[in-house]
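A short write-up of the structure that comes next.
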Amino acid sequence: MVAADRQAGTGGYGSLNGTMQAFLSEVQKDLAQGMLSPRVLNDPDIHRAELDRIFTKCWVFVGHVSEIPSPGDYVLRYVGEDQFILARDEQGEIQLLLNNCVHRASPVCRAEKGNTSHFRCPYHGWIYKNSGEWNGAPHRAKAYRTIDTARWGLRKAPHVDSYQGLIFACLDPDAVPLREYLGDMCWYLDVIFGLNEQGMRAAGDPHRWIVPANWKSGAENFVGDAYHVQSAHSSLGDIGLIPDNSKSVTETFHIALEGGHGLIAIPKALPEPFGVGNYPPEVTSTFDLDRLDDDQRAFLESGYGVVGFTIFPNLSLFQAPGSTEVGGFPAVNTSLRQWQPRGPEQFELWNWPMVWNSAPPEFNQASYDAAVFSFGPSGVFEQDDTVVWRGGPMVGRSAFARQDMKLNFQMGLDGMSDYEPRPDWMGPGEASTSAFGERNQRRWWQRWSEALASS
Ligand code: FES
Ligand SMILES: [Fe+2]
């Protein structure tokens, strides 16, 4: 159906055939009316086009600076379905190297993480520096007297950069700078991760598991779906873990940003002595809010927080007070979550609980425990979400559903619901008065369709 293959010899991303172009036009028309074809949730051609046009062109999260603090440190990571080595080289620069030897394509690194100055391919023994350069081969003097060593290094991502400790890479040589790509999301990353000089760190290795759903279901959920909490997560209300589950939609609201990025925000959740971000005094005393501008401080001092976001295409965040038992200490827990495509009908979920470098160990332990309890592989929220997302691949491949079924994205459109612009919002983006809307989700899908349609 689609000719999204790479054009031989051009290094380009291939062109879409007319049928796919027509489908994407239909998607854009449908979205304007709050509808979407279920085909987007399970289609091999769309999946191939996403790898070529989204994961090869957008800035994609690959890790946190705390995972590779020293020269030689490395971890294996993915952009789309391609495996890379994320390494800090001997000069301290961060590199993202395709983990395939340029001799016969064997993976040169088979450990998930470690520290090394060089990678030696297991097949014939070619050696590369951790900056990617070719550095030798067995019997070099007899076998490779005139090899162009500058030509035969590992393939490198042309752009790697970080913001507030989050490392992103872009495989497109013509990419805009990371800060431009993130746009107004930087303002919100500051109020989440920039509260002191020491910052946050990944609390160990990311947890990973396979989910039988399309990766886009996770991305669009975290960009704005507060409405599902009272239903999908109702059992947490039943057992008292969320004392008033209805507040999850009546008191939250949306912030829509350019570029398909979006957030779910919450008003202050906990009373004194809990302070900014709902942190207890032993943590807020380590913050230095002078690093922020007046509006950012006003956001925090008004008690607002970000409970979830998605940075297009596939990085999300969850942050909220939580506990592993009813009535337990409400420790704010923060998790970065990434929806890694693995074919059109399943994805790999990567989950990084994050803790403050400045916080007392007891608080960080409580925060980590709450993070695992909520959104770890067997987390009580996690199980609820991944069960309901299974429907996407089922209906996406259904010939009957493809005839004319549409999914409804109309909440918040044209007077449908209590969903107004929030007056005098202190931050960037368009804030709403409630979460009774699906504007953020529609914009995420709009960005998705534009990315697929672009040349
Ligand atoms: S495949 Fe790596 S050295 Fe031959
Ligand atoms: Fe959920």
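Starting from 1 in every chain, residues are counted up; chains themselves are A, B, ... following the order of the structure tokens, and ligands are numbered from 1 as listed.
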
Output as JSON lines one row per residue of chain A within 6 Å of ligand 1: the closest atom pair and its distance in Å to one decimal place, counting only C-alpha atoms and all ligand atoms, sorted by chain and residue number ascending.
{"residue": "A:Cys101", "atom": "CA", "partner": "ligand 1", "partner_atom_place_in_ligand_line": "2 (Fe)", "distance": 4.6}
{"residue": "A:His103", "atom": "CA", "partner": "ligand 1", "partner_atom_place_in_ligand_line": "1 (S)", "distance": 4.5}
{"residue": "A:Arg104", "atom": "CA", "partner": "ligand 1", "partner_atom_place_in_ligand_line": "1 (S)", "distance": 3.7}
{"residue": "A:Ala105", "atom": "CA", "partner": "ligand 1", "partner_atom_place_in_ligand_line": "1 (S)", "distance": 5.2}
{"residue": "A:Ser106", "atom": "CA", "partner": "ligand 1", "partner_atom_place_in_ligand_line": "1 (S)", "distance": 4.7}
{"residue": "A:Cys121", "atom": "CA", "partner": "ligand 1", "partner_atom_place_in_ligand_line": "2 (Fe)", "distance": 4.6}
{"residue": "A:Tyr123", "atom": "CA", "partner": "ligand 1", "partner_atom_place_in_ligand_line": "4 (Fe)", "distance": 4.8}
{"residue": "A:His124", "atom": "CA", "partner": "ligand 1", "partner_atom_place_in_ligand_line": "3 (S)", "distance": 3.7}
{"residue": "A:Gly125", "atom": "CA", "partner": "ligand 1", "partner_atom_place_in_ligand_line": "3 (S)", "distance": 4.7}
{"residue": "A:Trp126", "atom": "CA", "partner": "ligand 1", "partner_atom_place_in_ligand_line": "3 (S)", "distance": 4.3}

Create the file for the chosen residues now, containing all heavy atoms and written as a PDB file, in the first residue's frame.
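Below is the file that was written, again24.pdb:
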ATOM      1  N   CYS A 101      28.439  -3.382  13.359  1.00  0.00           N
ATOM      2  CA  CYS A 101      29.755  -3.279  12.734  1.00  0.00           C
ATOM      3  C   CYS A 101      29.614  -2.941  11.249  1.00  0.00           C
ATOM      4  O   CYS A 101      28.714  -3.452  10.576  1.00  0.00           O
ATOM      5  CB  CYS A 101      30.469  -4.611  12.905  1.00  0.00           C
ATOM      6  SG  CYS A 101      32.140  -4.640  12.268  1.00  0.00           S
ATOM      7  N   HIS A 103      31.599  -3.853   9.046  1.00  0.00           N
ATOM      8  CA  HIS A 103      32.186  -4.927   8.234  1.00  0.00           C
ATOM      9  C   HIS A 103      31.097  -5.891   7.782  1.00  0.00           C
ATOM     10  O   HIS A 103      30.798  -6.004   6.600  1.00  0.00           O
ATOM     11  CB  HIS A 103      33.282  -5.648   9.033  1.00  0.00           C
ATOM     12  CG  HIS A 103      33.998  -6.696   8.247  1.00  0.00           C
ATOM     13  ND1 HIS A 103      34.235  -7.956   8.753  1.00  0.00           N
ATOM     14  CD2 HIS A 103      34.515  -6.682   7.007  1.00  0.00           C
ATOM     15  CE1 HIS A 103      34.878  -8.668   7.835  1.00  0.00           C
ATOM     16  NE2 HIS A 103      35.072  -7.923   6.775  1.00  0.00           N
ATOM     17  N   ARG A 104      30.437  -6.587   8.706  1.00  0.00           N
ATOM     18  CA  ARG A 104      29.338  -7.483   8.336  1.00  0.00           C
ATOM     19  C   ARG A 104      28.121  -7.316   9.242  1.00  0.00           C
ATOM     20  O   ARG A 104      27.329  -8.227   9.397  1.00  0.00           O
ATOM     21  CB  ARG A 104      29.778  -8.948   8.392  1.00  0.00           C
ATOM     22  CG  ARG A 104      30.754  -9.378   7.342  1.00  0.00           C
ATOM     23  CD  ARG A 104      30.192  -9.352   5.915  1.00  0.00           C
ATOM     24  NE  ARG A 104      31.155  -9.893   4.991  1.00  0.00           N
ATOM     25  CZ  ARG A 104      32.220  -9.220   4.528  1.00  0.00           C
ATOM     26  NH1 ARG A 104      32.434  -7.976   4.918  1.00  0.00           N
ATOM     27  NH2 ARG A 104      33.076  -9.790   3.697  1.00  0.00           N
ATOM     28  N   ALA A 105      28.042  -6.171   9.903  1.00  0.00           N
ATOM     29  CA  ALA A 105      26.826  -5.779  10.623  1.00  0.00           C
ATOM     30  C   ALA A 105      26.638  -6.422  11.992  1.00  0.00           C
ATOM     31  O   ALA A 105      25.631  -6.176  12.653  1.00  0.00           O
ATOM     32  CB  ALA A 105      25.576  -6.020   9.786  1.00  0.00           C
ATOM     33  N   SER A 106      27.564  -7.237  12.441  1.00  0.00           N
ATOM     34  CA  SER A 106      27.388  -7.850  13.763  1.00  0.00           C
ATOM     35  C   SER A 106      27.280  -6.766  14.841  1.00  0.00           C
ATOM     36  O   SER A 106      27.964  -5.746  14.770  1.00  0.00           O
ATOM     37  CB  SER A 106      28.607  -8.732  14.053  1.00  0.00           C
ATOM     38  OG  SER A 106      28.524  -9.218  15.372  1.00  0.00           O
ATOM     39  N   CYS A 121      34.454  -5.915  17.832  1.00  0.00           N
ATOM     40  CA  CYS A 121      33.407  -6.724  17.213  1.00  0.00           C
ATOM     41  C   CYS A 121      33.726  -8.209  17.403  1.00  0.00           C
ATOM     42  O   CYS A 121      34.857  -8.639  17.153  1.00  0.00           O
ATOM     43  CB  CYS A 121      33.297  -6.396  15.726  1.00  0.00           C
ATOM     44  SG  CYS A 121      32.043  -7.396  14.902  1.00  0.00           S
ATOM     45  N   TYR A 123      32.844 -10.733  15.637  1.00  0.00           N
ATOM     46  CA  TYR A 123      32.859 -11.563  14.420  1.00  0.00           C
ATOM     47  C   TYR A 123      34.283 -11.702  13.871  1.00  0.00           C
ATOM     48  O   TYR A 123      34.868 -12.788  13.874  1.00  0.00           O
ATOM     49  CB  TYR A 123      31.905 -10.943  13.389  1.00  0.00           C
ATOM     50  CG  TYR A 123      31.485 -11.846  12.242  1.00  0.00           C
ATOM     51  CD1 TYR A 123      30.483 -11.425  11.363  1.00  0.00           C
ATOM     52  CD2 TYR A 123      32.056 -13.100  12.024  1.00  0.00           C
ATOM     53  CE1 TYR A 123      30.077 -12.229  10.302  1.00  0.00           C
ATOM     54  CE2 TYR A 123      31.649 -13.904  10.968  1.00  0.00           C
ATOM     55  CZ  TYR A 123      30.665 -13.465  10.100  1.00  0.00           C
ATOM     56  OH  TYR A 123      30.253 -14.247   9.058  1.00  0.00           O
ATOM     57  N   HIS A 124      34.904 -10.607  13.433  1.00  0.00           N
ATOM     58  CA  HIS A 124      36.267 -10.676  12.897  1.00  0.00           C
ATOM     59  C   HIS A 124      37.252  -9.851  13.701  1.00  0.00           C
ATOM     60  O   HIS A 124      38.431  -9.807  13.377  1.00  0.00           O
ATOM     61  CB  HIS A 124      36.305 -10.204  11.439  1.00  0.00           C
ATOM     62  CG  HIS A 124      35.301 -10.880  10.559  1.00  0.00           C
ATOM     63  ND1 HIS A 124      34.028 -10.380  10.374  1.00  0.00           N
ATOM     64  CD2 HIS A 124      35.370 -12.025   9.840  1.00  0.00           C
ATOM     65  CE1 HIS A 124      33.349 -11.181   9.562  1.00  0.00           C
ATOM     66  NE2 HIS A 124      34.134 -12.197   9.230  1.00  0.00           N
ATOM     67  N   GLY A 125      36.749  -9.154  14.716  1.00  0.00           N
ATOM     68  CA  GLY A 125      37.648  -8.469  15.635  1.00  0.00           C
ATOM     69  C   GLY A 125      37.980  -7.025  15.320  1.00  0.00           C
ATOM     70  O   GLY A 125      38.919  -6.466  15.883  1.00  0.00           O
ATOM     71  N   TRP A 126      37.214  -6.378  14.434  1.00  0.00           N
ATOM     72  CA  TRP A 126      37.437  -4.941  14.221  1.00  0.00           C
ATOM     73  C   TRP A 126      37.220  -4.205  15.547  1.00  0.00           C
ATOM     74  O   TRP A 126      36.352  -4.576  16.350  1.00  0.00           O
ATOM     75  CB  TRP A 126      36.468  -4.389  13.172  1.00  0.00           C
ATOM     76  CG  TRP A 126      36.857  -4.691  11.757  1.00  0.00           C
ATOM     77  CD1 TRP A 126      37.611  -5.732  11.304  1.00  0.00           C
ATOM     78  CD2 TRP A 126      36.487  -3.922  10.602  1.00  0.00           C
ATOM     79  NE1 TRP A 126      37.727  -5.676   9.943  1.00  0.00           N
ATOM     80  CE2 TRP A 126      37.049  -4.568   9.477  1.00  0.00           C
ATOM     81  CE3 TRP A 126      35.729  -2.764  10.393  1.00  0.00           C
ATOM     82  CZ2 TRP A 126      36.884  -4.080   8.183  1.00  0.00           C
ATOM     83  CZ3 TRP A 126      35.556  -2.278   9.101  1.00  0.00           C
ATOM     84  CH2 TRP A 126      36.146  -2.932   8.008  1.00  0.00           C
TER      85      TRP A 126
END

Residues near Arg442 of chain A, cut-off 8 Å, only C-alpha atoms, skip fewer than 5 positions along chain, as a VMD selection string: chain A and resid 31 34 409

Just write the chosen residues, N, CA, C and O atoms, as a tab-separated table (two decimals), in the first residue's frame.
chain	number	residue	atom	x	y	z
A	31	LEU	N	-9.73	14.27	12.12
A	31	LEU	CA	-9.33	14.86	13.41
A	31	LEU	C	-10.03	16.20	13.64
A	31	LEU	O	-10.38	16.53	14.77
A	34	GLY	N	-12.96	15.44	15.26
A	34	GLY	CA	-12.83	14.61	16.45
A	34	GLY	C	-13.02	13.14	16.18
A	34	GLY	O	-13.63	12.42	16.96
A	409	PHE	N	-12.94	11.20	19.22
A	409	PHE	CA	-12.03	12.14	19.90
A	409	PHE	C	-12.72	13.50	20.03
A	409	PHE	O	-12.08	14.53	19.90

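Each of A:Arg77, A:His233, A:Lys216, A:His139 was compared to Val387 of chain A using only C-alpha atoms, and A:His233 turns out to be the nearest.
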
Which of segment 32-238 of chain A DSSP labels helix (DSSP H, G or I), written as a ChimeraX atom specification: /A:32,38-41,44-53,65-67,140-143,178-182,185-193,215-224,229-232,234-238

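Restricting the atom set to only C-alpha atoms and all ligand atoms, one finds that the residues within 9 Å of ligand 2 amount to Gly218, Asn221, Phe222, Asp225, Ala226, His228, Val229, Ala232, His233, Phe381, Glu382, Gln383, Asp384, Asp385 and Thr386 of chain A.
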
Just to be explicit: take each residue in the selection above, keep N, CA, C and O atoms, and write the result as a PDB file, in the first residue's frame.
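Below is the file that was written, part-v8.pdb:
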ATOM      1  N   GLY A 218       0.116   4.599  24.338  1.00  0.00           N
ATOM      2  CA  GLY A 218       0.766   5.150  25.530  1.00  0.00           C
ATOM      3  C   GLY A 218       1.046   6.632  25.382  1.00  0.00           C
ATOM      4  O   GLY A 218       0.776   7.429  26.291  1.00  0.00           O
ATOM      5  N   ASN A 221      -2.121   8.664  25.640  1.00  0.00           N
ATOM      6  CA  ASN A 221      -2.709   8.630  26.982  1.00  0.00           C
ATOM      7  C   ASN A 221      -2.042   9.680  27.868  1.00  0.00           C
ATOM      8  O   ASN A 221      -2.708  10.475  28.539  1.00  0.00           O
ATOM      9  N   PHE A 222      -0.714   9.699  27.867  1.00  0.00           N
ATOM     10  CA  PHE A 222      -0.010  10.589  28.787  1.00  0.00           C
ATOM     11  C   PHE A 222      -0.016  12.044  28.334  1.00  0.00           C
ATOM     12  O   PHE A 222       0.308  12.937  29.112  1.00  0.00           O
ATOM     13  N   ASP A 225      -4.877  12.244  28.691  1.00  0.00           N
ATOM     14  CA  ASP A 225      -6.024  11.436  29.089  1.00  0.00           C
ATOM     15  C   ASP A 225      -6.151  11.320  30.607  1.00  0.00           C
ATOM     16  O   ASP A 225      -5.783  10.317  31.207  1.00  0.00           O
ATOM     17  N   ALA A 226      -6.700  12.378  31.213  1.00  0.00           N
ATOM     18  CA  ALA A 226      -7.029  12.306  32.641  1.00  0.00           C
ATOM     19  C   ALA A 226      -8.390  11.644  32.842  1.00  0.00           C
ATOM     20  O   ALA A 226      -8.706  11.181  33.938  1.00  0.00           O
ATOM     21  N   HIS A 228      -9.613   8.878  31.864  1.00  0.00           N
ATOM     22  CA  HIS A 228      -9.714   7.430  32.054  1.00  0.00           C
ATOM     23  C   HIS A 228      -9.483   7.008  33.503  1.00  0.00           C
ATOM     24  O   HIS A 228      -9.805   5.888  33.879  1.00  0.00           O
ATOM     25  N   VAL A 229      -8.916   7.907  34.310  1.00  0.00           N
ATOM     26  CA  VAL A 229      -8.457   7.486  35.644  1.00  0.00           C
ATOM     27  C   VAL A 229      -9.632   6.994  36.498  1.00  0.00           C
ATOM     28  O   VAL A 229      -9.543   5.959  37.172  1.00  0.00           O
ATOM     29  N   ALA A 232     -10.699   3.349  34.367  1.00  0.00           N
ATOM     30  CA  ALA A 232      -9.694   2.278  34.248  1.00  0.00           C
ATOM     31  C   ALA A 232      -9.010   2.002  35.581  1.00  0.00           C
ATOM     32  O   ALA A 232      -8.646   0.866  35.874  1.00  0.00           O
ATOM     33  N   HIS A 233      -8.811   3.059  36.374  1.00  0.00           N
ATOM     34  CA  HIS A 233      -8.105   2.891  37.653  1.00  0.00           C
ATOM     35  C   HIS A 233      -9.077   2.946  38.839  1.00  0.00           C
ATOM     36  O   HIS A 233      -8.678   3.296  39.946  1.00  0.00           O
ATOM     37  N   PHE A 381      -1.253   0.841  38.583  1.00  0.00           N
ATOM     38  CA  PHE A 381      -1.754   1.658  37.472  1.00  0.00           C
ATOM     39  C   PHE A 381      -1.400   0.998  36.140  1.00  0.00           C
ATOM     40  O   PHE A 381      -2.184   0.992  35.202  1.00  0.00           O
ATOM     41  N   GLU A 382      -0.184   0.492  36.088  1.00  0.00           N
ATOM     42  CA  GLU A 382       0.349  -0.036  34.839  1.00  0.00           C
ATOM     43  C   GLU A 382      -0.526  -1.148  34.281  1.00  0.00           C
ATOM     44  O   GLU A 382      -0.830  -1.190  33.084  1.00  0.00           O
ATOM     45  N   GLN A 383      -0.924  -2.057  35.154  1.00  0.00           N
ATOM     46  CA  GLN A 383      -1.720  -3.193  34.686  1.00  0.00           C
ATOM     47  C   GLN A 383      -3.056  -2.732  34.114  1.00  0.00           C
ATOM     48  O   GLN A 383      -3.523  -3.265  33.104  1.00  0.00           O
ATOM     49  N   ASP A 384      -3.658  -1.724  34.777  1.00  0.00           N
ATOM     50  CA  ASP A 384      -4.946  -1.212  34.284  1.00  0.00           C
ATOM     51  C   ASP A 384      -4.810  -0.666  32.867  1.00  0.00           C
ATOM     52  O   ASP A 384      -5.652  -0.910  32.002  1.00  0.00           O
ATOM     53  N   ASP A 385      -3.747   0.118  32.638  1.00  0.00           N
ATOM     54  CA  ASP A 385      -3.584   0.771  31.331  1.00  0.00           C
ATOM     55  C   ASP A 385      -3.288  -0.230  30.225  1.00  0.00           C
ATOM     56  O   ASP A 385      -3.849  -0.158  29.133  1.00  0.00           O
ATOM     57  N   THR A 386      -2.374  -1.140  30.502  1.00  0.00           N
ATOM     58  CA  THR A 386      -1.930  -2.014  29.412  1.00  0.00           C
ATOM     59  C   THR A 386      -3.009  -3.016  29.014  1.00  0.00           C
ATOM     60  O   THR A 386      -3.020  -3.488  27.886  1.00  0.00           O
TER      61      THR A 386
END
